[in-house]
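What follows is the content of final-v6.txt (compact mmCIF, C-alpha atoms).
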```txt
# COMPACT_ATOMS: atom_id res chain seq x y z
CA MET A 1 21.16 -30.64 -26.59
CA LEU A 2 24.22 -30.94 -24.37
CA PHE A 3 26.30 -28.65 -26.56
CA ALA A 4 23.47 -26.09 -26.65
CA TRP A 5 23.28 -26.14 -22.85
CA LEU A 6 27.06 -25.79 -22.51
CA LYS A 7 27.04 -22.90 -24.97
CA LYS A 8 24.56 -21.03 -22.77
CA ILE A 9 26.61 -21.36 -19.59
CA MET A 10 30.02 -20.75 -21.13
CA PRO A 11 31.50 -17.28 -20.51
CA ARG A 12 31.26 -14.91 -23.46
CA GLY A 13 34.08 -12.53 -22.56
CA LEU A 14 37.68 -13.03 -23.63
CA TYR A 15 38.99 -13.01 -20.06
CA GLY A 16 36.40 -15.55 -18.92
CA ARG A 17 37.14 -17.94 -21.76
CA ALA A 18 40.89 -17.57 -21.27
CA ALA A 19 40.49 -18.32 -17.56
CA LEU A 20 38.40 -21.37 -18.43
CA ILE A 21 41.06 -22.58 -20.85
CA LEU A 22 43.61 -22.28 -18.06
CA ILE A 23 41.63 -23.68 -15.16
CA VAL A 24 39.96 -26.71 -16.74
CA PRO A 25 43.19 -28.45 -17.89
CA VAL A 26 45.02 -27.63 -14.65
CA VAL A 27 42.22 -28.92 -12.44
CA SER A 28 41.68 -31.99 -14.61
CA ILE A 29 45.36 -32.92 -14.56
CA GLN A 30 45.54 -32.43 -10.81
CA LEU A 31 42.51 -34.62 -10.20
CA VAL A 32 43.73 -37.39 -12.47
CA VAL A 33 47.24 -37.34 -11.01
CA SER A 34 45.96 -37.18 -7.45
CA VAL A 35 43.53 -40.06 -7.83
CA ALA A 36 46.03 -42.18 -9.72
CA PHE A 37 48.81 -41.47 -7.24
CA ILE A 38 46.68 -42.16 -4.19
CA GLN A 39 45.09 -45.28 -5.65
CA ARG A 40 48.32 -46.81 -6.85
CA HIS A 41 51.16 -45.38 -4.79
CA PHE A 42 49.67 -44.69 -1.39
CA ASN A 43 47.46 -47.77 -1.37
CA ARG A 44 50.35 -50.00 -2.37
CA ILE A 45 52.59 -48.54 0.33
CA THR A 46 49.77 -48.88 2.86
CA VAL A 47 49.30 -52.57 2.04
CA GLN A 48 53.03 -53.20 2.33
CA MET A 49 53.41 -51.37 5.66
CA THR A 50 50.27 -52.92 7.12
CA GLY A 51 51.43 -56.36 5.96
CA ALA A 52 54.60 -55.97 8.03
CA VAL A 53 52.54 -55.11 11.12
CA VAL A 54 50.27 -58.10 10.44
CA ILE A 55 53.28 -60.40 10.66
CA GLU A 56 54.27 -58.88 14.02
CA LEU A 57 50.70 -59.12 15.35
CA ASP A 58 50.45 -62.73 14.24
CA TYR A 59 53.70 -63.55 16.03
CA LEU A 60 52.46 -61.74 19.15
CA THR A 61 49.15 -63.61 19.10
CA ARG A 62 50.87 -67.00 18.69
CA GLN A 63 53.09 -66.28 21.68
CA VAL A 64 50.04 -65.51 23.80
CA ASN A 65 48.14 -68.57 22.67
CA ALA A 66 51.19 -70.83 23.25
CA ALA A 67 51.44 -69.88 26.95
CA PRO A 68 49.75 -72.26 29.45
CA ASN A 69 48.10 -69.43 31.43
CA ILE A 70 47.60 -65.68 31.27
CA ASP A 71 50.54 -64.90 33.58
CA ASP A 72 52.93 -66.87 31.40
CA ALA A 73 51.41 -65.16 28.36
CA ARG A 74 52.17 -61.73 29.80
CA ALA A 75 55.71 -62.85 30.66
CA ALA A 76 56.19 -64.25 27.15
CA ILE A 77 55.21 -61.07 25.31
CA ALA A 78 56.79 -58.57 27.74
CA PRO A 79 60.23 -58.63 26.07
CA LEU A 80 58.56 -58.14 22.64
CA LEU A 81 56.52 -55.01 23.36
CA GLU A 82 59.33 -52.48 23.26
CA PRO A 83 61.03 -53.79 20.09
CA LEU A 84 57.65 -54.10 18.32
CA ALA A 85 56.42 -50.71 19.66
CA PHE A 86 53.14 -52.25 20.85
CA GLU A 87 51.03 -51.31 23.85
CA VAL A 88 49.20 -54.46 24.96
CA MET A 89 46.53 -55.00 27.59
CA LEU A 90 45.85 -58.66 28.42
CA PRO A 91 43.10 -59.05 29.18
CA GLY A 92 41.83 -55.82 27.67
CA GLU A 93 38.61 -54.90 25.97
CA GLY A 94 39.27 -53.71 22.43
CA PRO A 95 36.93 -52.27 19.81
CA GLN A 96 34.17 -54.58 18.60
CA ALA A 97 33.65 -52.82 15.25
CA ASP A 98 35.65 -50.97 12.65
CA SER A 99 35.69 -47.16 12.62
CA ARG A 100 37.59 -44.52 10.67
CA GLN A 101 37.23 -40.89 9.68
CA TYR A 102 35.54 -40.12 6.36
CA ARG A 103 38.54 -38.09 5.22
CA ASP A 104 40.94 -40.99 5.90
CA LEU A 105 41.96 -41.88 2.34
CA THR A 106 43.87 -45.08 3.20
CA GLY A 107 41.93 -46.24 6.26
CA SER A 108 39.76 -48.72 4.42
CA ARG A 109 42.81 -50.41 2.93
CA VAL A 110 44.45 -50.66 6.41
CA ILE A 111 41.34 -52.27 7.93
CA ARG A 112 40.98 -54.70 5.06
CA THR A 113 44.62 -55.83 5.25
CA LEU A 114 44.44 -56.27 9.04
CA ARG A 115 41.30 -58.36 8.83
CA GLU A 116 42.76 -60.55 6.11
CA GLY A 117 45.97 -61.24 8.07
CA VAL A 118 45.13 -61.19 11.81
CA ALA A 119 43.12 -64.11 13.17
CA GLY A 120 40.51 -63.33 15.81
CA LEU A 121 40.39 -59.64 15.05
CA SER A 122 37.20 -58.16 16.57
CA GLY A 123 37.52 -54.53 15.51
CA VAL A 124 39.83 -51.74 14.35
CA THR A 125 39.68 -48.10 15.47
CA LEU A 126 41.45 -45.52 13.31
CA ASP A 127 39.70 -42.38 14.57
CA SER A 128 40.92 -42.29 18.16
CA GLY A 129 42.11 -38.70 17.71
CA GLU A 130 45.67 -39.54 18.81
CA ARG A 131 46.95 -40.87 15.47
CA ASP A 132 46.97 -44.41 16.91
CA VAL A 133 45.53 -47.72 15.78
CA ILE A 134 43.60 -49.71 18.39
CA LEU A 135 42.83 -53.37 17.81
CA GLY A 136 40.74 -55.93 19.60
CA ILE A 137 42.01 -59.53 19.20
CA ALA A 138 40.42 -62.68 20.65
CA THR A 139 43.04 -65.05 22.21
CA ASP A 140 42.94 -68.30 24.17
CA HIS A 141 43.33 -66.26 27.37
CA GLY A 142 40.63 -63.71 26.65
CA PRO A 143 40.41 -60.48 24.65
CA MET A 144 43.60 -58.58 24.01
CA ARG A 145 43.83 -54.86 23.32
CA VAL A 146 46.73 -53.73 21.11
CA ARG A 147 47.69 -50.12 20.42
CA PHE A 148 50.39 -48.78 18.06
CA ASN A 149 51.20 -45.67 16.03
CA ARG A 150 49.29 -45.09 12.81
CA GLU A 151 52.42 -44.15 10.90
CA ARG A 152 53.46 -47.79 10.99
CA VAL A 153 50.66 -48.86 8.64
CA SER A 154 50.27 -45.94 6.18
CA ALA A 155 52.19 -42.97 4.87
CA SER A 156 51.58 -39.93 7.00
CA ASN A 157 49.14 -37.22 5.83
CA PRO A 158 48.40 -38.25 2.24
CA HIS A 159 45.99 -35.29 2.02
CA GLN A 160 48.97 -32.97 2.18
CA LEU A 161 49.76 -34.00 -1.37
CA LEU A 162 46.36 -32.73 -2.49
CA VAL A 163 46.81 -29.48 -0.59
CA LEU A 164 50.26 -29.00 -2.10
CA MET A 165 49.00 -29.72 -5.60
CA LEU A 166 46.05 -27.35 -5.11
CA VAL A 167 48.23 -24.51 -3.86
CA THR A 168 50.78 -25.10 -6.62
CA GLY A 169 48.01 -25.24 -9.22
CA LEU A 170 46.51 -21.98 -8.02
CA LEU A 171 49.92 -20.31 -8.04
CA MET A 172 50.66 -21.52 -11.56
CA THR A 173 47.20 -20.44 -12.71
CA VAL A 174 47.74 -16.93 -11.35
CA ILE A 175 51.17 -16.71 -13.00
CA ALA A 176 49.79 -18.00 -16.30
CA TYR A 177 46.88 -15.56 -16.10
CA LEU A 178 49.24 -12.64 -15.54
CA PHE A 179 51.22 -13.60 -18.61
CA LEU A 180 48.06 -14.22 -20.63
CA ARG A 181 46.59 -10.87 -19.59
CA ASN A 182 49.46 -9.11 -21.34
CA GLN A 183 48.36 -10.86 -24.52
CA LEU A 184 44.65 -10.23 -23.95
CA ARG A 185 44.96 -6.50 -23.31
CA PRO A 186 46.04 -5.62 -26.89
CA ILE A 187 43.12 -7.69 -28.24
CA GLN A 188 40.74 -5.89 -25.90
CA ARG A 189 42.12 -2.49 -26.90
CA LEU A 190 41.79 -3.45 -30.57
CA ALA A 191 38.15 -4.44 -30.01
CA GLN A 192 37.47 -1.16 -28.20
CA ALA A 193 39.09 0.84 -30.99
CA ALA A 194 37.08 -1.03 -33.64
CA GLU A 195 33.84 -0.60 -31.69
CA ALA A 196 34.51 3.11 -31.19
CA PHE A 197 35.29 3.58 -34.89
CA GLY A 198 32.01 1.85 -35.73
CA LYS A 199 30.26 4.50 -33.61
CA GLY A 200 32.08 7.33 -35.31
CA HIS A 201 34.80 7.84 -32.69
CA VAL A 202 38.50 7.70 -33.48
CA VAL A 203 40.42 6.61 -30.40
CA PRO A 204 44.22 6.26 -30.25
CA TYR A 205 45.46 2.71 -30.78
CA ARG A 206 49.07 1.57 -30.47
CA LEU A 207 50.34 -1.75 -31.80
CA ALA A 208 51.18 -4.21 -29.01
CA GLY A 209 51.01 -7.88 -28.16
CA SER A 210 52.02 -10.95 -30.11
CA THR A 211 52.87 -11.01 -33.80
CA GLU A 212 49.37 -12.10 -34.79
CA VAL A 213 47.72 -9.39 -32.68
CA ARG A 214 50.09 -6.78 -34.09
CA ALA A 215 49.23 -7.92 -37.62
CA ALA A 216 45.50 -7.63 -36.89
CA GLY A 217 46.05 -4.20 -35.31
CA LYS A 218 48.04 -2.96 -38.28
CA ALA A 219 45.34 -4.22 -40.66
CA PHE A 220 42.73 -2.34 -38.61
CA LEU A 221 44.75 0.88 -38.66
CA ASP A 222 45.27 0.59 -42.41
CA MET A 223 41.58 -0.07 -42.93
CA ARG A 224 40.61 2.87 -40.71
CA THR A 225 42.97 5.16 -42.61
CA ARG A 226 41.57 4.04 -45.98
CA ILE A 227 37.98 4.54 -44.82
CA GLU A 228 38.74 7.99 -43.44
CA ARG A 229 40.51 8.94 -46.67
CA GLN A 230 37.67 7.65 -48.84
CA VAL A 231 35.07 9.45 -46.72
CA GLU A 232 37.08 12.65 -46.92
CA GLN A 233 37.52 12.33 -50.69
CA ARG A 234 33.84 11.59 -51.20
CA THR A 235 32.82 14.51 -49.02
CA LEU A 236 35.18 16.89 -50.80
CA MET A 237 34.08 15.66 -54.22
CA LEU A 238 30.36 15.97 -53.55
CA SER A 239 30.83 19.30 -51.79
CA GLY A 240 32.93 20.61 -54.65
CA VAL A 241 30.53 19.44 -57.32
CA SER A 242 27.52 20.77 -55.46
CA HIS A 243 29.26 24.09 -54.82
CA ASP A 244 30.31 24.46 -58.44
CA LEU A 245 26.75 23.81 -59.57
CA ARG A 246 25.45 26.74 -57.57
CA THR A 247 27.23 29.29 -59.80
CA PRO A 248 25.47 28.37 -63.06
CA LEU A 249 22.20 27.94 -61.17
CA THR A 250 22.50 31.42 -59.75
CA ARG A 251 23.31 32.77 -63.23
CA MET A 252 20.32 30.95 -64.69
CA ARG A 253 18.01 32.38 -62.00
CA LEU A 254 19.26 35.90 -62.77
CA GLU A 255 18.69 35.39 -66.50
CA LEU A 256 15.19 34.04 -65.82
CA SER A 257 14.35 37.10 -63.78
CA MET A 258 14.95 39.19 -66.90
CA LEU A 259 12.45 37.23 -68.95
CA GLU A 260 8.87 38.23 -69.27
CA GLU A 261 6.23 36.56 -67.16
CA GLY A 262 4.76 33.44 -68.74
CA GLU A 263 4.34 29.70 -68.60
CA ASP A 264 7.77 29.06 -70.02
CA ARG A 265 9.44 31.20 -67.37
CA ALA A 266 7.48 29.55 -64.57
CA ALA A 267 8.43 26.10 -65.83
CA LEU A 268 12.09 27.06 -66.06
CA GLU A 269 12.05 28.62 -62.60
CA GLN A 270 10.56 25.39 -61.24
CA ASP A 271 13.34 23.40 -62.91
CA VAL A 272 15.96 25.68 -61.37
CA THR A 273 14.29 25.32 -57.95
CA ASP A 274 14.32 21.55 -58.29
CA MET A 275 17.99 21.62 -59.24
CA GLU A 276 18.84 23.81 -56.24
CA ARG A 277 17.00 21.43 -53.97
CA LEU A 278 18.89 18.52 -55.55
CA VAL A 279 22.18 20.32 -54.89
CA ASP A 280 21.14 20.85 -51.26
CA GLU A 281 20.41 17.13 -50.98
CA PHE A 282 23.85 16.34 -52.36
CA LEU A 283 25.45 18.61 -49.75
CA SER A 284 23.46 16.95 -46.97
CA PHE A 285 24.51 13.54 -48.22
CA ALA A 286 28.14 14.65 -48.31
CA ARG A 287 27.94 16.04 -44.77
CA SER A 288 26.31 12.85 -43.44
CA ASP A 289 29.62 10.98 -43.67
CA ALA A 290 31.62 13.86 -42.26
CA LEU A 291 29.63 13.74 -38.98
CA GLU A 292 30.86 17.18 -38.03
CA GLY A 293 31.69 17.85 -34.40
CA GLU A 294 32.70 15.68 -31.49
CA PRO A 295 30.19 13.58 -29.53
CA GLU A 296 28.66 15.36 -26.58
CA PRO A 297 26.08 14.38 -23.93
CA VAL A 298 22.55 14.95 -25.26
CA ASP A 299 19.23 13.93 -23.74
CA PRO A 300 17.25 12.16 -26.52
CA ALA A 301 13.90 13.19 -25.00
CA ASP A 302 14.90 16.88 -24.94
CA LEU A 303 16.22 16.60 -28.50
CA ALA A 304 12.92 15.06 -29.65
CA ARG A 305 10.90 17.89 -28.05
CA ARG A 306 13.13 20.51 -29.69
CA LEU A 307 12.82 18.87 -33.12
CA ALA A 308 9.03 18.66 -32.75
CA ASP A 309 8.88 22.37 -31.90
CA ASN A 310 11.03 23.21 -34.93
CA ALA A 311 8.74 21.12 -37.14
CA HIS A 312 5.65 22.97 -35.79
CA ARG A 313 7.24 26.31 -36.57
CA ALA A 314 7.95 25.06 -40.10
CA GLY A 315 4.25 24.27 -40.57
CA GLN A 316 4.58 20.48 -40.21
CA VAL A 317 2.11 18.31 -38.29
CA VAL A 318 4.14 16.38 -35.71
CA GLU A 319 2.82 14.88 -32.48
CA LEU A 320 4.99 13.53 -29.69
CA GLY A 321 4.65 9.92 -28.60
CA PRO A 322 6.25 8.25 -25.56
CA LEU A 323 9.60 9.79 -24.65
CA ALA A 324 11.80 7.41 -22.65
CA ASP A 325 13.86 9.06 -19.94
CA VAL A 326 17.31 7.63 -20.63
CA GLY A 327 19.34 10.66 -19.58
CA PRO A 328 22.20 12.23 -21.55
CA MET A 329 24.09 9.95 -23.95
CA PRO A 330 27.02 10.75 -26.29
CA MET A 331 26.02 11.74 -29.82
CA ARG A 332 26.68 14.39 -32.45
CA PRO A 333 23.57 16.57 -32.15
CA VAL A 334 23.90 18.36 -35.49
CA PRO A 335 23.87 15.33 -37.84
CA VAL A 336 21.36 13.49 -35.63
CA SER A 337 19.04 16.48 -35.72
CA ARG A 338 19.45 16.69 -39.50
CA ALA A 339 18.55 13.00 -39.88
CA ILE A 340 15.43 13.25 -37.68
CA GLU A 341 14.34 16.43 -39.47
CA ASN A 342 14.62 14.60 -42.81
CA LEU A 343 12.51 11.75 -41.48
CA LEU A 344 9.86 14.14 -40.13
CA ALA A 345 9.82 16.02 -43.45
CA ASN A 346 9.31 12.74 -45.33
CA ALA A 347 6.53 11.74 -42.94
CA ASN A 348 4.70 15.04 -43.57
CA ARG A 349 5.34 14.84 -47.29
CA TYR A 350 3.76 11.40 -47.72
CA GLY A 351 1.18 11.48 -44.92
CA ARG A 352 -1.13 13.81 -43.02
CA ARG A 353 0.04 12.85 -39.51
CA ALA A 354 3.51 12.27 -38.12
CA ARG A 355 4.55 11.08 -34.69
CA LEU A 356 7.97 11.22 -33.02
CA SER A 357 8.79 8.92 -30.07
CA VAL A 358 11.87 7.89 -28.12
CA VAL A 359 12.06 4.29 -26.90
CA THR A 360 14.81 2.12 -25.48
CA GLY A 361 15.95 -1.20 -26.87
CA ARG A 362 18.62 -3.65 -25.90
CA ARG A 363 21.68 -1.44 -25.35
CA ASP A 364 20.33 1.18 -27.74
CA VAL A 365 18.04 4.21 -27.97
CA ARG A 366 15.57 4.62 -30.84
CA PHE A 367 13.98 7.71 -32.34
CA VAL A 368 10.77 6.40 -33.91
CA VAL A 369 9.07 8.40 -36.67
CA GLU A 370 5.65 7.15 -37.86
CA ASP A 371 3.15 8.46 -40.40
CA ASP A 372 -0.22 7.54 -41.89
CA GLY A 373 0.98 7.53 -45.50
CA PRO A 374 1.18 4.64 -47.97
CA GLY A 375 4.30 3.19 -46.37
CA ILE A 376 6.93 1.02 -48.07
CA PRO A 377 6.38 -2.69 -48.80
CA ALA A 378 8.66 -5.06 -46.89
CA ALA A 379 10.27 -6.28 -50.11
CA ASP A 380 11.37 -2.73 -51.03
CA ARG A 381 12.66 -1.55 -47.64
CA GLU A 382 16.26 -2.64 -48.16
CA GLN A 383 16.32 -0.93 -51.54
CA ALA A 384 14.83 2.22 -50.02
CA LEU A 385 17.91 2.73 -47.84
CA LYS A 386 20.23 2.89 -50.83
CA PRO A 387 21.25 6.31 -52.21
CA PHE A 388 19.15 7.69 -55.09
CA ALA A 389 16.51 4.97 -54.64
CA ARG A 390 13.10 6.02 -56.05
CA LEU A 391 10.17 3.87 -54.98
CA ASP A 392 7.37 5.35 -57.07
CA ALA A 393 5.07 2.40 -56.48
CA SER A 394 5.16 2.72 -52.70
CA ARG A 395 5.37 6.47 -52.14
CA ASN A 396 3.34 9.15 -53.86
CA GLN A 397 5.93 11.10 -55.78
CA ASN A 398 3.40 13.73 -56.85
CA ARG A 399 3.26 15.03 -53.29
CA GLY A 400 6.87 16.12 -53.27
CA PRO A 401 9.41 14.37 -55.46
CA GLY A 402 12.73 13.62 -53.85
CA VAL A 403 16.09 12.50 -55.12
CA GLY A 404 16.24 9.33 -53.00
CA LEU A 405 18.78 10.53 -50.45
CA GLY A 406 16.69 11.21 -47.33
CA LEU A 407 16.67 7.69 -45.91
CA ALA A 408 20.24 7.05 -47.09
CA ILE A 409 21.46 10.15 -45.22
CA ALA A 410 19.66 9.10 -42.04
CA ASP A 411 21.04 5.56 -42.34
CA ASP A 412 24.60 6.85 -42.79
CA ILE A 413 24.29 9.07 -39.73
CA ALA A 414 22.85 6.23 -37.63
CA ARG A 415 25.64 3.87 -38.68
CA GLY A 416 28.16 6.59 -37.88
CA HIS A 417 26.86 6.35 -34.30
CA GLY A 418 27.09 2.57 -34.15
CA GLY A 419 23.40 2.09 -34.98
CA ARG A 420 21.25 1.69 -38.06
CA LEU A 421 17.97 2.67 -39.67
CA ARG A 422 15.12 0.15 -39.63
CA LEU A 423 11.92 0.44 -41.64
CA GLY A 424 8.60 -1.10 -40.68
CA THR A 425 4.87 -0.47 -40.51
CA SER A 426 3.19 1.70 -37.89
CA ALA A 427 0.83 -0.39 -35.79
CA ASP A 428 -1.85 2.30 -35.31
CA LEU A 429 -1.18 4.91 -37.99
CA GLY A 430 -0.77 2.30 -40.71
CA GLY A 431 1.98 4.10 -42.61
CA LEU A 432 5.75 3.92 -42.54
CA LYS A 433 7.57 3.40 -39.27
CA VAL A 434 11.23 4.44 -39.23
CA GLU A 435 13.45 3.56 -36.25
CA PHE A 436 16.60 5.66 -36.01
CA ILE A 437 18.71 3.46 -33.72
CA LEU A 438 21.70 4.78 -31.78
CA ALA A 439 23.99 2.47 -29.79
CA GLN A 440 24.39 3.33 -26.10
```
Written as structure tokens, how would this file's structure read?
Amino acid sequence: MLFAWLKKIMPRGLYGRAALILIVPVVSIQLVVSVAFIQRHFNRITVQMTGAVVIELDYLTRQVNAAPNIDDARAAIAPLLEPLAFEVMLPGEGPQADSRQYRDLTGSRVIRTLREGVAGLSGVTLDSGERDVILGIATDHGPMRVRFNRERVSASNPHQLLVLMLVTGLLMTVIAYLFLRNQLRPIQRLAQAAEAFGKGHVVPYRLAGSTEVRAAGKAFLDMRTRIERQVEQRTLMLSGVSHDLRTPLTRMRLELSMLEEGEDRAALEQDVTDMERLVDEFLSFARSDALEGEPEPVDPADLARRLADNAHRAGQVVELGPLADVGPMPMRPVPVSRAIENLLANANRYGRRARLSVVTGRRDVRFVVEDDGPGIPAADREQALKPFARLDASRNQNRGPGVGLGLAIADDIARGHGGRLRLGTSADLGGLKVEFILAQ
């Protein structure tokens, strides 16, 4: 329970945790050293210094008590006052109780030592405001008031040690933080570069920092280069294969046009049409990784309205749901539009109604496409996002067979923007609910 509570209040950022690592040990060491030093060193010195004054006060009191009358008592102690640095009033009313300031760290030890060593002590005042100690002592000739400098019984200004340690600790913390910041900046830049690459952006990153940070940065750059090369090779391969397939398909369509009308020709033409559509799907899948174009500010609500209008012109049934007003956000409009159009086409293919909404999540924006079709069971949703997945049991393939790339293309585009594709069930339409999530 304690660790869970501490985990909630601990800072999550790198700078906050680094500052905590610096401050906690410094403050702890200062507190321990301060308390130990004051308790042992200052208190011991205070007892020793006060003990010396106790001896002088005891001698002074014995001289007063030994005199036959008060005049002789004054005459007896007069030569002692200057050497002992005492101010004495006899008779003189002294304090009847002990008093000290709350911030006086050694005052309690001074009072205790005086009471243990001085007979007839009626009270001790340490908060006179003049850095003096005032005592009231009962003698045989009446009360005696004694005044002397506080520096005689305790080291002066012990709190200055705490102030000095605090200032020094703050200075060292600032210096350490400045040095540590030079090590944290490369880590922060590496995290920003990795996060940007996850969203499809390639930002410049230069190796810097300690050896370990440089090694991590070099590994990231190598990984980014390999991924970019693999994506480029895959795109070129699929584009090349798909392009090369168009030539024989075109030749086949020309040859079919020369055949006489009949069932065999119609069946062959349908096969050629299916193959052309399959080639188009391959090209779309290849372009999904390329994510052509640079990110630009696009309003998701405006994009949703435009895609709905395009779907209406194409003869699809698409209604608009709630459109959150989030304002322009960076995205690549061409691949995002292609992904949403695929989702709307799937919704119309497997259902009679389709709805497009824009909602906001936690640090993300979601295009939500829902339909009233058969949907996809929860157990098959992860498989449905894989390329070339065919879920005959969950989707009616007779209403428009696909090649299993539509959801995979949309998922690739979403992940290229730092998001993902999430499948679920529409609460009111009852069919499939697809959330195309883009990170803000």
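Going from atom CA of Pro322 of chain A over to atom CA of Leu356 of chain A, you cover 8.2 Å.
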Applying 8 Å and all atoms listed in the file, which residues near Val326 of chain A remain after dropping the ones on its own chain fewer than 4 positions away? List them as a ChimeraX atom specification. /A:299-301,360
Using C-alpha atoms, can you export the residues from the last selection as an mmCIF file, in the coordinates of the input?
```
data_model
loop_
_atom_site.group_PDB
_atom_site.id
_atom_site.type_symbol
_atom_site.label_atom_id
_atom_site.label_comp_id
_atom_site.auth_asym_id
_atom_site.auth_seq_id
_atom_site.Cartn_x
_atom_site.Cartn_y
_atom_site.Cartn_z
ATOM 1 C CA ASP A 299 19.230 13.930 -23.740
ATOM 2 C CA PRO A 300 17.250 12.160 -26.520
ATOM 3 C CA ALA A 301 13.900 13.190 -25.000
ATOM 4 C CA THR A 360 14.810 2.120 -25.480
#
```
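Taking all atoms listed in the file into account, Gly375 of chain A lies nearest to A:Gly431 out of the set A:Gly351, A:Gly406, A:Pro295, A:Gly431.
Comparing A:Leu105, A:Thr139, A:Leu114, A:Ala410 by their smallest distance to Ala67 of chain A, the closest is A:Thr139 (using all atoms listed in the file).
Shell of segment 78-80 of chain A at 12 Å, with all atoms listed in the file counted and residues fewer than 2 places along the chain excluded, is Glu56, Leu57, Tyr59, Leu60, Thr61, Gln63, Val64, Asp71, Asp72, Ala73, Arg74, Ala75, Ala76, Glu82, Pro83, Leu84, Ala85, Phe86, Glu87, Val88, Met89 and Leu90 of chain A.
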List as a list in words the protein and nucleic acid residues near segment 182-193 of chain A, meaning an atom at most 6 Å away when all atoms listed in the file are counted, but skip any in the same chain fewer than 5 places from it. Val203, Ala208 and Gly209 of chain A
Working from the structure I just supplied, which lacks atoms in segment 262-274 of chain A, can you model N, CA, C and O atoms there and output them as a PDB file, keeping the file's coordinate frame?
```
ATOM      1  N   GLY A 262       5.440  34.370 -67.858  1.00  0.00           N
ATOM      2  CA  GLY A 262       4.760  33.440 -68.740  1.00  0.00           C
ATOM      3  C   GLY A 262       4.932  32.015 -68.283  1.00  0.00           C
ATOM      4  O   GLY A 262       5.643  31.729 -67.305  1.00  0.00           O
ATOM      5  N   GLU A 263       4.260  31.100 -68.999  1.00  0.00           N
ATOM      6  CA  GLU A 263       4.340  29.700 -68.600  1.00  0.00           C
ATOM      7  C   GLU A 263       5.734  29.150 -68.769  1.00  0.00           C
ATOM      8  O   GLU A 263       6.202  28.348 -67.952  1.00  0.00           O
ATOM      9  N   ASP A 264       6.424  29.586 -69.805  1.00  0.00           N
ATOM     10  CA  ASP A 264       7.770  29.060 -70.020  1.00  0.00           C
ATOM     11  C   ASP A 264       8.702  29.487 -68.898  1.00  0.00           C
ATOM     12  O   ASP A 264       9.525  28.700 -68.415  1.00  0.00           O
ATOM     13  N   ARG A 265       8.585  30.721 -68.462  1.00  0.00           N
ATOM     14  CA  ARG A 265       9.440  31.200 -67.370  1.00  0.00           C
ATOM     15  C   ARG A 265       9.120  30.459 -66.067  1.00  0.00           C
ATOM     16  O   ARG A 265      10.029  30.071 -65.327  1.00  0.00           O
ATOM     17  N   ALA A 266       7.859  30.261 -65.796  1.00  0.00           N
ATOM     18  CA  ALA A 266       7.480  29.550 -64.570  1.00  0.00           C
ATOM     19  C   ALA A 266       8.011  28.122 -64.563  1.00  0.00           C
ATOM     20  O   ALA A 266       8.493  27.617 -63.536  1.00  0.00           O
ATOM     21  N   ALA A 267       7.931  27.464 -65.749  1.00  0.00           N
ATOM     22  CA  ALA A 267       8.430  26.100 -65.830  1.00  0.00           C
ATOM     23  C   ALA A 267       9.940  26.060 -65.624  1.00  0.00           C
ATOM     24  O   ALA A 267      10.473  25.174 -64.919  1.00  0.00           O
ATOM     25  N   LEU A 268      10.639  27.031 -66.217  1.00  0.00           N
ATOM     26  CA  LEU A 268      12.090  27.060 -66.060  1.00  0.00           C
ATOM     27  C   LEU A 268      12.482  27.374 -64.616  1.00  0.00           C
ATOM     28  O   LEU A 268      13.444  26.810 -64.075  1.00  0.00           O
ATOM     29  N   GLU A 269      11.754  28.304 -63.997  1.00  0.00           N
ATOM     30  CA  GLU A 269      12.050  28.620 -62.600  1.00  0.00           C
ATOM     31  C   GLU A 269      11.827  27.400 -61.703  1.00  0.00           C
ATOM     32  O   GLU A 269      12.576  27.173 -60.746  1.00  0.00           O
ATOM     33  N   GLN A 270      10.791  26.611 -62.015  1.00  0.00           N
ATOM     34  CA  GLN A 270      10.560  25.390 -61.240  1.00  0.00           C
ATOM     35  C   GLN A 270      11.695  24.399 -61.433  1.00  0.00           C
ATOM     36  O   GLN A 270      12.130  23.735 -60.475  1.00  0.00           O
ATOM     37  N   ASP A 271      12.206  24.300 -62.662  1.00  0.00           N
ATOM     38  CA  ASP A 271      13.340  23.400 -62.910  1.00  0.00           C
ATOM     39  C   ASP A 271      14.571  23.854 -62.128  1.00  0.00           C
ATOM     40  O   ASP A 271      15.303  23.029 -61.554  1.00  0.00           O
ATOM     41  N   VAL A 272      14.804  25.167 -62.119  1.00  0.00           N
ATOM     42  CA  VAL A 272      15.960  25.680 -61.370  1.00  0.00           C
ATOM     43  C   VAL A 272      15.781  25.411 -59.874  1.00  0.00           C
ATOM     44  O   VAL A 272      16.737  25.047 -59.172  1.00  0.00           O
ATOM     45  N   THR A 273      14.558  25.588 -59.365  1.00  0.00           N
ATOM     46  CA  THR A 273      14.290  25.320 -57.950  1.00  0.00           C
ATOM     47  C   THR A 273      14.550  23.865 -57.613  1.00  0.00           C
ATOM     48  O   THR A 273      15.152  23.535 -56.569  1.00  0.00           O
ATOM     49  N   ASP A 274      14.087  22.986 -58.516  1.00  0.00           N
ATOM     50  CA  ASP A 274      14.320  21.550 -58.290  1.00  0.00           C
ATOM     51  C   ASP A 274      15.815  21.244 -58.295  1.00  0.00           C
ATOM     52  O   ASP A 274      16.296  20.432 -57.486  1.00  0.00           O
TER      53      ASP A 274
END
```
